[in-house]
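A short worksheet on the structure shown next.
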Amino acid sequence: MALSPLEAAEELGDELLEVLKQLNRSENQAGATSGLEVDELHHILGRGPLPRVSGGDVERAVSVLVGNGLARCLDTPEYSWERGRIVATRYAITTQGKAFLVSRLRKTGRVE
């Protein structure tokens with residue numbers, strides 16, 4: 001069954017918020033290599049808060065966040081000791097993204 005426009009917008013909003021949470025968590029835990037790849041985000045979200053999210057949904061959410069200045073693209077390939085491989089295109093939260101995340105979490109009563 002197809003989602004109504006309102007349901008689709010709410011679902012996208014949830015995806016955006018969860019991606020920002022993961023990007024923020026990644027930045028706070030980052031070693032030398034920052035940011036998360038789309039596949040990593042998809043894996044994290046699928047195991048936890050959004051089990052039915054698709055790779056395309058994650059790509060769309062990341063594109064919206066980058067387009068609105070809430071995330072940035074890091075596209076310089078580098079070796080990640082933590083991951084044991086070369087990482088290429090990854091995404092990181094911006095200062096605007098952090099401010100947006102905090103404001104949304106305050107509205108839901110999750111941050112004081």
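Residues are referred to by chain and number: the chain letter is A, B, ... according to the order shown in the structure tokens, the number counts from 1 in that chain, and ligands are numbered separately from 1 in the order shown.
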**OP:** Tell me which protein, DNA and RNA residues are within 9 Å of Leu101 (chain A), counting only C-alpha atoms, leaving out same-chain ones fewer than 5 positions away, and put them as a ChimeraX atom specification.
**Re:** /A:17,20-21,24,96,106
Dump N, CA and C atoms for the selected residues as a short mmCIF file (atom, residue, chain, number, x, y, z; two decimals), in the first residue's frame?
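Saved result, again.cif, follows:
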data_model
loop_
_atom_site.label_atom_id
_atom_site.label_comp_id
_atom_site.auth_asym_id
_atom_site.auth_seq_id
_atom_site.Cartn_x
_atom_site.Cartn_y
_atom_site.Cartn_z
N LEU A 17 16.47 12.56 10.40
CA LEU A 17 16.87 12.68 11.80
C LEU A 17 17.79 11.53 12.21
N LEU A 20 21.25 12.02 10.66
CA LEU A 20 21.98 13.04 11.40
C LEU A 20 22.49 12.51 12.74
N LYS A 21 21.68 11.73 13.43
CA LYS A 21 22.11 11.14 14.70
C LYS A 21 23.35 10.27 14.49
N ASN A 24 26.42 12.36 13.67
CA ASN A 24 26.89 13.02 14.89
C ASN A 24 27.62 12.01 15.78
N GLN A 96 25.58 23.37 11.16
CA GLN A 96 24.14 23.58 10.96
C GLN A 96 23.36 22.30 11.24
N ARG A 106 15.14 18.61 21.10
CA ARG A 106 14.51 19.40 22.16
C ARG A 106 12.99 19.40 22.00
#
Original post:
Hey, what's within 9 Å of region 68-83 of chain A if we count only C-alpha atoms and toss same-chain stuff fewer than 6 positions away? As number ranges by chain, please?
Top reply: A: 20, 23, 31-35, 62, 89-100
Could the residues in this selection be saved with C-alpha atoms as a short mmCIF file (atom, residue, chain, number, x, y, z; two decimals), in the first residue's frame?
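Output below, filename again-v3.cif:
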data_model
loop_
_atom_site.label_atom_id
_atom_site.label_comp_id
_atom_site.auth_asym_id
_atom_site.auth_seq_id
_atom_site.Cartn_x
_atom_site.Cartn_y
_atom_site.Cartn_z
CA LEU A 20 21.98 13.04 11.40
CA LEU A 23 26.67 11.19 11.57
CA GLY A 31 39.43 8.19 14.99
CA ALA A 32 41.57 9.62 12.25
CA THR A 33 38.97 8.96 9.51
CA SER A 34 35.69 10.81 9.89
CA GLY A 35 32.34 10.37 8.22
CA VAL A 62 21.95 12.00 2.54
CA THR A 89 32.92 9.03 -0.40
CA ARG A 90 31.61 9.56 3.12
CA TYR A 91 29.36 12.06 4.82
CA ALA A 92 29.78 14.10 7.99
CA ILE A 93 27.47 16.37 9.97
CA THR A 94 27.96 20.13 9.74
CA THR A 95 27.55 22.75 12.45
CA GLN A 96 24.14 23.58 10.96
CA GLY A 97 23.26 19.90 11.07
CA LYS A 98 24.17 19.71 14.75
CA ALA A 99 22.04 22.78 15.53
CA PHE A 100 19.10 21.27 13.62
#
Original post:
Which residues, written as a PyMOL selection string, have at least one atom at most 9 Å from region 36-45 of chain A, with only C-alpha atoms counted and residues fewer than 3 positions away on the same chain left out?
Top reply: chain A and resi 15+18-19+22-23+26+48-55+57-59+62+87-92
Just to be explicit: take each residue in the selection above, keep C-alpha atoms, and write the result as a JSON list (two decimals), in the first residue's frame.
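So out02.json came out as:
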[["chain", "number", "residue", "atom", "x", "y", "z"],
["A", 15, "GLU", "CA", 15.16, 9.05, 8.09],
["A", 18, "GLU", "CA", 18.30, 9.17, 12.16],
["A", 19, "VAL", "CA", 21.02, 9.84, 9.57],
["A", 22, "GLN", "CA", 24.45, 8.56, 13.18],
["A", 23, "LEU", "CA", 26.67, 11.19, 11.57],
["A", 26, "SER", "CA", 30.34, 8.97, 14.15],
["A", 48, "GLY", "CA", 18.45, -0.52, 14.60],
["A", 49, "PRO", "CA", 15.99, 2.33, 14.33],
["A", 50, "LEU", "CA", 14.80, 1.83, 10.73],
["A", 51, "PRO", "CA", 14.86, -1.90, 9.90],
["A", 52, "ARG", "CA", 12.98, -1.49, 6.61],
["A", 53, "VAL", "CA", 15.07, 1.38, 5.21],
["A", 54, "SER", "CA", 16.51, 0.74, 1.74],
["A", 55, "GLY", "CA", 19.85, 1.82, 0.34],
["A", 57, "ASP", "CA", 16.19, 5.75, 1.01],
["A", 58, "VAL", "CA", 19.53, 6.38, 2.72],
["A", 59, "GLU", "CA", 21.01, 7.90, -0.45],
["A", 62, "VAL", "CA", 21.95, 12.00, 2.54],
["A", 87, "VAL", "CA", 37.21, 4.62, 2.39],
["A", 88, "ALA", "CA", 36.06, 6.90, -0.37],
["A", 89, "THR", "CA", 32.92, 9.03, -0.40],
["A", 90, "ARG", "CA", 31.61, 9.56, 3.12],
["A", 91, "TYR", "CA", 29.36, 12.06, 4.82],
["A", 92, "ALA", "CA", 29.78, 14.10, 7.99]]
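Taking CA of Leu12 (chain A) as the reference point, CA of Gln29 (chain A) is found at 25.6 Å.
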Subject >> For CA of Val64 (chain A) and CA of Asn28 (chain A), the interatomic separation in Å (one decimal) >> reply: 22.2 Å
For the strand (DSSP E) assignment from backbone DSSP, which residues of chain A qualify? Please present them as a tab-separated table (two decimals) with N, CA and C atoms, in the first residue's frame.
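result.tsv written:
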chain	number	residue	atom	x	y	z
A	71	ALA	N	24.73	18.34	6.18
A	71	ALA	CA	25.80	17.35	6.09
A	71	ALA	C	26.72	17.77	4.96
A	72	ARG	N	27.94	17.25	4.98
A	72	ARG	CA	28.88	17.55	3.90
A	72	ARG	C	29.49	16.26	3.38
A	73	CYS	N	29.91	16.32	2.15
A	73	CYS	CA	30.52	15.17	1.49
A	73	CYS	C	32.03	15.24	1.65
A	74	LEU	N	32.61	14.15	2.08
A	74	LEU	CA	34.07	14.01	2.18
A	74	LEU	C	34.45	12.99	1.12
A	78	GLU	N	40.95	7.75	1.61
A	78	GLU	CA	42.03	7.57	2.57
A	78	GLU	C	41.88	6.23	3.26
A	79	TYR	N	43.00	5.77	3.76
A	79	TYR	CA	42.98	4.48	4.46
A	79	TYR	C	42.47	4.68	5.87
A	80	SER	N	41.54	3.83	6.30
A	80	SER	CA	41.00	3.88	7.65
A	80	SER	C	41.53	2.67	8.42
A	85	ARG	N	40.48	-0.67	5.64
A	85	ARG	CA	40.35	-0.54	4.18
A	85	ARG	C	40.37	0.94	3.80
A	86	ILE	N	40.44	1.17	2.50
A	86	ILE	CA	40.36	2.54	1.99
A	86	ILE	C	38.89	2.93	1.93
A	87	VAL	N	38.57	4.10	2.47
A	87	VAL	CA	37.21	4.62	2.39
A	87	VAL	C	37.21	5.76	1.38
A	90	ARG	N	32.28	9.68	1.83
A	90	ARG	CA	31.61	9.56	3.12
A	90	ARG	C	30.94	10.88	3.44
A	91	TYR	N	30.13	10.87	4.46
A	91	TYR	CA	29.36	12.06	4.82
A	91	TYR	C	29.55	12.35	6.30
A	92	ALA	N	29.60	13.65	6.61
A	92	ALA	CA	29.78	14.10	7.99
A	92	ALA	C	28.77	15.19	8.28
A	93	ILE	N	28.42	15.34	9.54
A	93	ILE	CA	27.47	16.37	9.97
A	93	ILE	C	28.17	17.73	9.99
